[in-house]
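Have a look at the structure below before the remarks.
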Amino acid sequence: MSPARPGDMPASDSRSSAPVLVFDSGVGGLSVAAEIRRQWPQLSLAYVCDNAALPYGTKPDDWLIPRIVQVCVAAVEASGARALVVACNTASTLALTALREALSIPVIGTVPAIKPAAALAHARQSAARREKGEPPVFALLATSATVRRAYTEQLIRDFAADCRVIRVAADPLVAEAERRLRGESARPEVVAASLADLAAVEALEVVILGCTHFPLLGADISQVLGESRVALVDSGAAIARRVAEVLGLGAAAQAADQQLAQAEQQAAQAVQPAPREHMALATDARQPGLATALASQGFAAPQALSFDD
């Protein structure tokens, strides 16, 4: 596969029916896939997870980078994808450059939403705190790897230098989200324990969900932190918009896409056709409950992904 020029290149019209491939270490990327599908219902998607290596957040960087590239290159070849969405903050902050060098299709990353969170923290800060000269306060809730990454530190310096940014590593939430999507019972105590220190911060008004697994636990996180007190910010909508930009999907196309989806929904009420399933790949396709998690977002049972390890 020939090397790509760095950056996001427009996809060729000749590949307009090829899927957009969403990649994550586990099933957290399904939150991003759901947002892409919400904005573009008729866009063909494929999903790949490197669940055999889950969680990424605890693995060394020099092992992760070649692993991520190998898995994504193999998955792009298997799916015939026209674009790759790296729906994993850890992988994005670590391997985007390597992926763009290895692939000839656009690669769209996921990074912590520092800039919008800073703007929202400024907007939500109380007049009393502002008059006292106190900085706006927001938190980055992410995996250990994302919290400590130099890229994350640079984003904070660039976009939130005048804010107090609290970084919280919450790796247990990844496993909790995976459990729930597999159909296992919820453990709210895991969420509460991971957020205990953050819940005690009185000035906190905004929390970045800096892992794509975390929006899957959004209701629990809001309950622990106070739904009316703390606003949650994630990258899903921004990623979906970026996909549209890269693929050259305009407002007219989106309107037509949504009208077609509505027409199909109305027809389905009378005809009840078999639901459309999107391709799914996994490095451990036999993982218990994985098919259930994928089916929740319209993906087929996972196929085993082979690659040179």
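Letters for chains follow the order of the structure tokens (A, B, ...), residue numbers begin at 1 for each chain, and ligand numbers begin at 1 in the order shown.
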
Show which residues sit within 7 Å of Val107 (chain A), as a PDB file with N, CA and C atoms, in the first residue's frame. Count only C-alpha atoms, and ignore same-chain residues fewer than 2 positions away.
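And here's part_3.pdb as it stands now:
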```pdb
ATOM      1  N   ASP A   8      -5.421  14.984   6.075  1.00  0.00           N
ATOM      2  CA  ASP A   8      -6.685  14.403   5.637  1.00  0.00           C
ATOM      3  C   ASP A   8      -6.929  14.772   4.185  1.00  0.00           C
ATOM      4  N   ALA A  83     -11.943   5.687   4.188  1.00  0.00           N
ATOM      5  CA  ALA A  83     -11.420   6.588   5.209  1.00  0.00           C
ATOM      6  C   ALA A  83     -11.354   5.814   6.523  1.00  0.00           C
ATOM      7  N   LEU A  84     -10.420   6.214   7.373  1.00  0.00           N
ATOM      8  CA  LEU A  84     -10.251   5.581   8.677  1.00  0.00           C
ATOM      9  C   LEU A  84     -10.488   6.606   9.770  1.00  0.00           C
ATOM     10  N   VAL A  85     -11.388   6.283  10.695  1.00  0.00           N
ATOM     11  CA  VAL A  85     -11.607   7.098  11.886  1.00  0.00           C
ATOM     12  C   VAL A  85     -10.968   6.383  13.066  1.00  0.00           C
ATOM     13  N   ARG A 100      -0.908   7.826   8.987  1.00  0.00           N
ATOM     14  CA  ARG A 100      -1.008   8.610   7.759  1.00  0.00           C
ATOM     15  C   ARG A 100       0.153   8.303   6.808  1.00  0.00           C
ATOM     16  N   ILE A 105      -5.396   6.404   2.406  1.00  0.00           N
ATOM     17  CA  ILE A 105      -6.735   6.958   2.574  1.00  0.00           C
ATOM     18  C   ILE A 105      -6.702   7.990   3.695  1.00  0.00           C
ATOM     19  N   GLY A 109      -8.504  11.591  13.270  1.00  0.00           N
ATOM     20  CA  GLY A 109      -8.186  11.235  14.647  1.00  0.00           C
ATOM     21  C   GLY A 109      -9.195  11.736  15.662  1.00  0.00           C
TER      22      GLY A 109
END
```

**Study point:** Close residues, region 203-216 of chain A itself excluded, 9 Å, only C-alpha atoms, min 3 positions apart in chain, as a VMD selection string
**Key:** chain A and resid 24 26 to 32 87 to 90 110 to 114 117 to 118 120 to 121 124 to 125 129 136 to 143 146 to 147 173 to 178 180 to 181 198 to 200 219 221 229 to 236

Practice item. Write down as a PyMOL selection string the residues belonging to region 109-175 of chain A that are assigned strand (DSSP E) by DSSP computed on the backbone. Key: chain A and resi 137-142+164-169

Given the selection you just returned, output its residues as a file containing all heavy atoms, formatted as a JSON list (two decimals), in the first residue's frame.
```json
[["chain", "number", "residue", "atom", "x", "y", "z"],
["A", 137, "VAL", "N", -12.65, 26.36, 35.67],
["A", 137, "VAL", "CA", -12.18, 25.03, 36.05],
["A", 137, "VAL", "C", -12.89, 23.97, 35.21],
["A", 137, "VAL", "O", -14.11, 23.95, 35.13],
["A", 137, "VAL", "CB", -12.45, 24.74, 37.54],
["A", 137, "VAL", "CG1", -11.94, 23.34, 37.92],
["A", 137, "VAL", "CG2", -11.77, 25.79, 38.41],
["A", 138, "PHE", "N", -12.10, 23.10, 34.58],
["A", 138, "PHE", "CA", -12.68, 21.94, 33.93],
["A", 138, "PHE", "C", -11.76, 20.75, 34.11],
["A", 138, "PHE", "O", -10.60, 20.90, 34.51],
["A", 138, "PHE", "CB", -13.01, 22.19, 32.45],
["A", 138, "PHE", "CG", -11.82, 22.36, 31.53],
["A", 138, "PHE", "CD1", -11.24, 21.26, 30.91],
["A", 138, "PHE", "CD2", -11.31, 23.62, 31.26],
["A", 138, "PHE", "CE1", -10.17, 21.41, 30.03],
["A", 138, "PHE", "CE2", -10.24, 23.78, 30.39],
["A", 138, "PHE", "CZ", -9.67, 22.66, 29.78],
["A", 139, "ALA", "N", -12.29, 19.57, 33.83],
["A", 139, "ALA", "CA", -11.53, 18.34, 34.05],
["A", 139, "ALA", "C", -11.43, 17.55, 32.77],
["A", 139, "ALA", "O", -12.32, 17.56, 31.92],
["A", 139, "ALA", "CB", -12.19, 17.48, 35.13],
["A", 140, "LEU", "N", -10.31, 16.85, 32.63],
["A", 140, "LEU", "CA", -10.12, 15.88, 31.56],
["A", 140, "LEU", "C", -10.18, 14.49, 32.18],
["A", 140, "LEU", "O", -9.31, 14.11, 32.96],
["A", 140, "LEU", "CB", -8.77, 16.08, 30.87],
["A", 140, "LEU", "CG", -8.34, 14.98, 29.90],
["A", 140, "LEU", "CD1", -9.35, 14.86, 28.75],
["A", 140, "LEU", "CD2", -6.94, 15.24, 29.37],
["A", 141, "LEU", "N", -11.24, 13.78, 31.87],
["A", 141, "LEU", "CA", -11.43, 12.40, 32.33],
["A", 141, "LEU", "C", -11.01, 11.49, 31.19],
["A", 141, "LEU", "O", -11.62, 11.50, 30.12],
["A", 141, "LEU", "CB", -12.89, 12.18, 32.69],
["A", 141, "LEU", "CG", -13.27, 10.87, 33.38],
["A", 141, "LEU", "CD1", -12.71, 10.81, 34.80],
["A", 141, "LEU", "CD2", -14.79, 10.72, 33.42],
["A", 142, "ALA", "N", -9.94, 10.73, 31.38],
["A", 142, "ALA", "CA", -9.39, 9.94, 30.27],
["A", 142, "ALA", "C", -8.65, 8.73, 30.82],
["A", 142, "ALA", "O", -8.69, 8.45, 32.02],
["A", 142, "ALA", "CB", -8.46, 10.83, 29.42],
["A", 164, "ARG", "N", -7.85, 26.30, 35.01],
["A", 164, "ARG", "CA", -7.37, 25.23, 35.88],
["A", 164, "ARG", "C", -7.90, 23.91, 35.31],
["A", 164, "ARG", "O", -9.12, 23.71, 35.23],
["A", 164, "ARG", "CB", -7.89, 25.42, 37.31],
["A", 164, "ARG", "CG", -7.48, 24.30, 38.27],
["A", 164, "ARG", "CD", -8.19, 24.44, 39.60],
["A", 164, "ARG", "NE", -7.99, 23.28, 40.45],
["A", 164, "ARG", "CZ", -8.76, 22.96, 41.49],
["A", 164, "ARG", "NH1", -9.80, 23.74, 41.80],
["A", 164, "ARG", "NH2", -8.52, 21.89, 42.19],
["A", 165, "VAL", "N", -7.01, 23.06, 34.87],
["A", 165, "VAL", "CA", -7.38, 21.80, 34.25],
["A", 165, "VAL", "C", -7.02, 20.64, 35.17],
["A", 165, "VAL", "O", -5.85, 20.45, 35.49],
["A", 165, "VAL", "CB", -6.70, 21.62, 32.88],
["A", 165, "VAL", "CG1", -7.18, 20.33, 32.21],
["A", 165, "VAL", "CG2", -6.96, 22.82, 31.97],
["A", 166, "ILE", "N", -8.02, 19.89, 35.58],
["A", 166, "ILE", "CA", -7.82, 18.75, 36.47],
["A", 166, "ILE", "C", -7.80, 17.49, 35.61],
["A", 166, "ILE", "O", -8.75, 17.21, 34.88],
["A", 166, "ILE", "CB", -8.96, 18.64, 37.51],
["A", 166, "ILE", "CG1", -9.06, 19.94, 38.31],
["A", 166, "ILE", "CG2", -8.74, 17.45, 38.43],
["A", 166, "ILE", "CD1", -10.31, 20.03, 39.16],
["A", 167, "ARG", "N", -6.71, 16.75, 35.67],
["A", 167, "ARG", "CA", -6.60, 15.53, 34.86],
["A", 167, "ARG", "C", -6.83, 14.31, 35.74],
["A", 167, "ARG", "O", -6.16, 14.14, 36.76],
["A", 167, "ARG", "CB", -5.22, 15.48, 34.19],
["A", 167, "ARG", "CG", -5.13, 16.38, 32.99],
["A", 167, "ARG", "CD", -3.73, 16.48, 32.45],
["A", 167, "ARG", "NE", -3.00, 17.57, 33.09],
["A", 167, "ARG", "CZ", -1.87, 18.10, 32.62],
["A", 167, "ARG", "NH1", -1.34, 17.61, 31.53],
["A", 167, "ARG", "NH2", -1.29, 19.08, 33.25],
["A", 168, "VAL", "N", -7.77, 13.49, 35.30],
["A", 168, "VAL", "CA", -8.14, 12.30, 36.09],
["A", 168, "VAL", "C", -8.04, 11.06, 35.21],
["A", 168, "VAL", "O", -8.71, 10.96, 34.17],
["A", 168, "VAL", "CB", -9.58, 12.42, 36.64],
["A", 168, "VAL", "CG1", -9.96, 11.15, 37.40],
["A", 168, "VAL", "CG2", -9.71, 13.64, 37.53],
["A", 169, "ALA", "N", -7.19, 10.13, 35.61],
["A", 169, "ALA", "CA", -7.09, 8.85, 34.91],
["A", 169, "ALA", "C", -8.17, 7.92, 35.46],
["A", 169, "ALA", "O", -8.25, 7.69, 36.66],
["A", 169, "ALA", "CB", -5.71, 8.24, 35.11]]
```

Practice item. Provide the CA of Gln223 (chain A) to CA of Glu202 (chain A) distance in Å, to one decimal place. Key: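 A separation of 15.4 Å between them.
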
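The helix (DSSP H, G or I) portion of region 208-249 of chain A consists of Phe214, Pro215, Leu216, Leu217, Gly218, Ala219, Asp220, Ile221, Ser222, Gln223, Val224, Leu225, Gly236, Ala237, Ala238, Ile239, Ala240, Arg241, Arg242, Val243, Ala244, Glu245, Val246 and Leu247 of chain A, with states taken from DSSP on the backbone.
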
Study note, to complete from the structure: Restricting to only C-alpha atoms, whichever of A:Thr93, A:Ala240, A:Val86, A:Arg38 is closest to Ser25 (chain A) is A:Val86

Review point. What separation in Å, quoted to one decimal, exists between CA of Ala18 (chain A) and CA of Pro55 (chain A)?
Key: 29.1 Å
